[in-house]
Amino acid sequence: MKKLVPIKKTLWYNLGQMLFNVVTCTSKESLERNYEKEMTKVVKFGGSSLASAQQFVKVGNIIRSDEARKYVVPSAPGKRNSKDTKVTDMLYQCYALAEEEKDFSAALKKIQERYNSIINGLNLTLSLDEQFKVIAENFKKKAGSDYAASRGEFLNGIIMAEYLGYEFIDAAEVIVFDEDGEFEAEKTNKILSERLKKCERAVVPGFYGAKEDGTVKTFSRGGSDITGSIVAKAVHADMYENWTDVSGFLVADPRIIENPESIKVITYRELRELSYMGATVLHEDAVFPVRKEGIPINIRNTNAPDDEGTLIVESTCRQSAYTITGIAGKKGFVAVNIEKDMMNSEVGFGRKVLAAFEEQGISFEHVPSGIDTMTIFVHQEEFEGKEQEVLAAIHRLAKPDSIEIESNLGLIAVVGRGMKSTRGTAGRIFSALAHANVNVKMIDQGSSELNVIIGVRNEDFEAAIKAIYDIFVVTQI
């Protein structure tokens with residue numbers, strides 16, 4: 001048996017030194033660059049960001065400035081100016097002519113001209129003639145309004161893929177709806193994940209998908225946000241960037257508060273509360289796919305790409321700049337006040353009252369209650385045509401002592417994770433509203449202490465929001 005020759009110590013030393021040099025010469029900057037290359041971002045661009053060739057150039061620069069932006073979800077072209085028409089609306093109008101058996105060729109030609117202006121402005125050699133021939137044939141065959149509306153994103157996706165040099169993936173091949181038109185999340189995630197594994201960079205149009213028989217189905221208006229979150233989940237993205245024409249969420253409605261402060265970081269729960277009460281920067285259904293995966297959303301401004309925007313996260317240790325995160329609200333509610341002695345000791349009383357609204361297909365917003373009183377807040381438009389049927393049902397089912405109705409009310413949500421650890425929040429709200437001569441009709445705080453809902457008269461709505469903003473943000477008393 002041969003005797004093993006030991007490796008010389010100098011060889012071990014040299015190997016160790018080489019390894020040490022490799023490790024130590026890797027600077028912090030190069031490590032950060034390597035990390036950035038490994039990151040994956042899904043970027044969605046809204047219609048205003050893609051309304052013209054000039055906007056496309058801005059979007060292209062944004063995408064190319066970060067190697068991590070690998071998957072792009074475009075909307076249809078939006079308005080170029082205040083008097084312009086969105087392409088989606090043009091498609092709806094065009095298809096309406098087709099359904100009425102009228103000549104729609106001129107309307108379709110105008111839509112093609114919109115896209116050709118973008119193509120020519122980008123100096124592309126692309127032609128959409130064949131696609132428009134197919135669209136015209138399908139319009140004649142009455143392919144459906146969902147099909148018509150989806151062509152806006154479909155065509156913009158083709159242009160975007162050509163402009164970037166990315167692969168184009170038709171959303172109808174990877175976004176799945178069942179035969180009843182309900183989105184199939186698990187099946188979509190499986191199909192989309194497999195498809196995107198095969199391409200490093202791709203464009204997937206937003207807003208639509210298809211049933212198993214190939215019938216095109218759209219999400220609700222603004223549904224490109226949803227597509228973006230679905231794609232982000234499928235590729236296990238590190239970030240979902242949603243680019244629009246504002247630099248994230250604002251603490252309050254800029255139509256009421258002049259130049260309101262922006263929100264730097266907001267949790268999904270806070271966003272849900274604000275979206276429900278009227279804050280509409282992001283489609284509320286876009287939250288769910290990424291929330292389950294722990295993927296943060298960054299709302300950014302295409303026209304101000306250096307702005308940080310708003311980061312939406314599951315949870316955070318970062319403190320809000322103010323006690324509150326945001327204020328939002330809606331007008332047009334009715335309060336149905338029900339009174340009955342010993343109500344609190346009657347088992348099932350609340351169920352009986354709510355059953356009266358359920359019978360008429362009316363959903364409620366809030367149900368504050370006392371020992372002998374219960375108030376149901378509902379949308380006035382929804383309630384007005386059915387009010388007598390509801391009142392009759394309440395009398396029949398719950399047998400109350402009296403019922404009173406108060407209309408033309410507004411509900412304001414004051415939302416913030418910081419309220420839980422801050423004393424006297426409700427007191428400060430009451431003080432601010434009293435100082436502004438606003439009469440509070442209702443105040444309701446959730447058990448999570450994340451939000452406070454205030455009911456006021458419609459005519460006091462704006463004054464109430466200004467007063468709350470002033471005390472929590474401007475003066476911070």
# chains A, B, ... in the order shown; residues from 1 in each chain; ligands from 1
>>> select_by_dssp(residues="region 119-193 of chain A", states="helix (DSSP H, G or I)", output="PyMOL selection string")
chain A and resi 119-121+129-140+145-164+171-173+185-193
>>> write_last_selection(atoms="C-alpha atoms", output="compact mmCIF listing (two decimals), in the first residue's frame")
# COMPACT_ATOMS: atom_id res chain seq x y z
CA ILE A 119 -45.47 53.72 -31.85
CA ASN A 120 -44.30 56.53 -34.14
CA GLY A 121 -43.24 58.68 -31.19
CA ASP A 129 -52.71 46.19 -38.29
CA GLU A 130 -53.22 42.46 -37.83
CA GLN A 131 -54.34 42.87 -34.23
CA PHE A 132 -56.91 45.50 -35.24
CA LYS A 133 -58.25 43.22 -37.99
CA VAL A 134 -58.81 40.51 -35.37
CA ILE A 135 -60.46 43.00 -33.02
CA ALA A 136 -62.81 44.18 -35.78
CA GLU A 137 -63.83 40.60 -36.57
CA ASN A 138 -64.45 39.81 -32.90
CA PHE A 139 -66.49 42.99 -32.48
CA LYS A 140 -68.68 41.85 -35.40
CA SER A 145 -67.70 44.15 -23.61
CA ASP A 146 -65.03 42.51 -21.43
CA TYR A 147 -63.14 41.49 -24.55
CA ALA A 148 -63.51 44.99 -25.96
CA ALA A 149 -62.25 46.71 -22.81
CA SER A 150 -59.30 44.32 -22.42
CA ARG A 151 -57.84 45.24 -25.81
CA GLY A 152 -56.53 48.50 -24.37
CA GLU A 153 -54.10 46.70 -22.08
CA PHE A 154 -53.44 43.95 -24.63
CA LEU A 155 -52.26 46.38 -27.32
CA ASN A 156 -50.30 48.54 -24.89
CA GLY A 157 -48.58 45.41 -23.64
CA ILE A 158 -47.43 44.55 -27.15
CA ILE A 159 -45.97 48.04 -27.60
CA MET A 160 -44.30 47.96 -24.17
CA ALA A 161 -42.69 44.56 -24.84
CA GLU A 162 -41.37 45.76 -28.20
CA TYR A 163 -40.04 48.99 -26.69
CA LEU A 164 -38.25 47.25 -23.81
CA ALA A 171 -52.83 37.68 -19.74
CA ALA A 172 -55.62 35.53 -21.23
CA GLU A 173 -53.17 32.61 -21.21
CA ALA A 185 -56.25 32.44 -7.52
CA GLU A 186 -54.56 29.08 -6.95
CA LYS A 187 -54.85 27.87 -10.53
CA THR A 188 -53.62 31.22 -11.83
CA ASN A 189 -50.65 31.22 -9.47
CA LYS A 190 -49.60 27.75 -10.61
CA ILE A 191 -49.90 28.52 -14.35
CA LEU A 192 -48.31 31.96 -14.08
CA SER A 193 -45.43 30.76 -11.90
>>> residues_around(residues="region 381-386 of chain A", least_positions_apart="6", cutoff="8 Å", atoms="only C-alpha atoms", output="PDB file with N, CA and C atoms, in the first residue's frame")
ATOM      1  N   GLY A 332     -73.238  60.869   2.299  1.00  0.00           N
ATOM      2  CA  GLY A 332     -74.400  60.167   1.775  1.00  0.00           C
ATOM      3  C   GLY A 332     -74.820  58.932   2.541  1.00  0.00           C
ATOM      4  N   VAL A 334     -77.355  57.234   5.806  1.00  0.00           N
ATOM      5  CA  VAL A 334     -78.571  57.358   6.607  1.00  0.00           C
ATOM      6  C   VAL A 334     -78.359  56.612   7.910  1.00  0.00           C
ATOM      7  N   GLN A 360     -83.869  43.012   2.150  1.00  0.00           N
ATOM      8  CA  GLN A 360     -83.926  43.966   1.046  1.00  0.00           C
ATOM      9  C   GLN A 360     -82.585  44.120   0.316  1.00  0.00           C
ATOM     10  N   ILE A 362     -79.656  45.076   1.524  1.00  0.00           N
ATOM     11  CA  ILE A 362     -78.936  46.291   1.921  1.00  0.00           C
ATOM     12  C   ILE A 362     -77.847  45.937   2.932  1.00  0.00           C
TER      13      ILE A 362
END
>>> residues_around(residues="Cys94 (chain A)", least_positions_apart="2", cutoff="8 Å", atoms="only C-alpha atoms", output="MDAnalysis selection string")
chainID A and resid 90:92 96:98 104 107:108
>>> select_by_dssp(residues="region 159-343 of chain A", states="strand (DSSP E or B)", output="MDAnalysis selection string")
chainID A and resid 167:168 176:177 183 202:203 208:211 216:218 239:244 250 262 265:267 297:301 310:313 326:339
>>> residues_around(residues="region 273-277 of chain A", least_positions_apart="4", cutoff="7 Å", atoms="only C-alpha atoms", output="number ranges by chain")
A: 269, 284, 328-330, 413
>>> write_last_selection(atoms="N, CA, C and O atoms", output="PDB file, in the first residue's frame")
ATOM      1  N   ARG A 269     -53.415  46.923   6.961  1.00  0.00           N
ATOM      2  CA  ARG A 269     -54.666  47.138   7.709  1.00  0.00           C
ATOM      3  C   ARG A 269     -55.089  48.597   7.677  1.00  0.00           C
ATOM      4  O   ARG A 269     -56.273  48.909   7.514  1.00  0.00           O
ATOM      5  N   GLU A 284     -58.415  48.260  -3.974  1.00  0.00           N
ATOM      6  CA  GLU A 284     -58.342  47.589  -2.670  1.00  0.00           C
ATOM      7  C   GLU A 284     -58.099  46.085  -2.783  1.00  0.00           C
ATOM      8  O   GLU A 284     -57.466  45.485  -1.914  1.00  0.00           O
ATOM      9  N   ALA A 328     -59.889  59.757   5.967  1.00  0.00           N
ATOM     10  CA  ALA A 328     -60.682  59.582   4.749  1.00  0.00           C
ATOM     11  C   ALA A 328     -62.149  59.510   5.130  1.00  0.00           C
ATOM     12  O   ALA A 328     -62.491  59.257   6.288  1.00  0.00           O
ATOM     13  N   GLY A 329     -63.022  59.728   4.163  1.00  0.00           N
ATOM     14  CA  GLY A 329     -64.443  59.682   4.485  1.00  0.00           C
ATOM     15  C   GLY A 329     -65.334  59.703   3.271  1.00  0.00           C
ATOM     16  O   GLY A 329     -64.884  59.899   2.139  1.00  0.00           O
ATOM     17  N   LYS A 330     -66.614  59.487   3.515  1.00  0.00           N
ATOM     18  CA  LYS A 330     -67.632  59.517   2.462  1.00  0.00           C
ATOM     19  C   LYS A 330     -68.879  60.216   2.980  1.00  0.00           C
ATOM     20  O   LYS A 330     -69.189  60.142   4.173  1.00  0.00           O
ATOM     21  N   ALA A 413     -63.238  58.407   8.701  1.00  0.00           N
ATOM     22  CA  ALA A 413     -62.358  57.452   9.380  1.00  0.00           C
ATOM     23  C   ALA A 413     -61.034  58.123   9.705  1.00  0.00           C
ATOM     24  O   ALA A 413     -60.364  58.656   8.814  1.00  0.00           O
TER      25      ALA A 413
END
>>> residues_around(residues="region 55-70 of chain A", least_positions_apart="3", cutoff="7 Å", atoms="only C-alpha atoms", output="ChimeraX atom specification")
/A:36-37,39-43,49-52,164,200-202,302
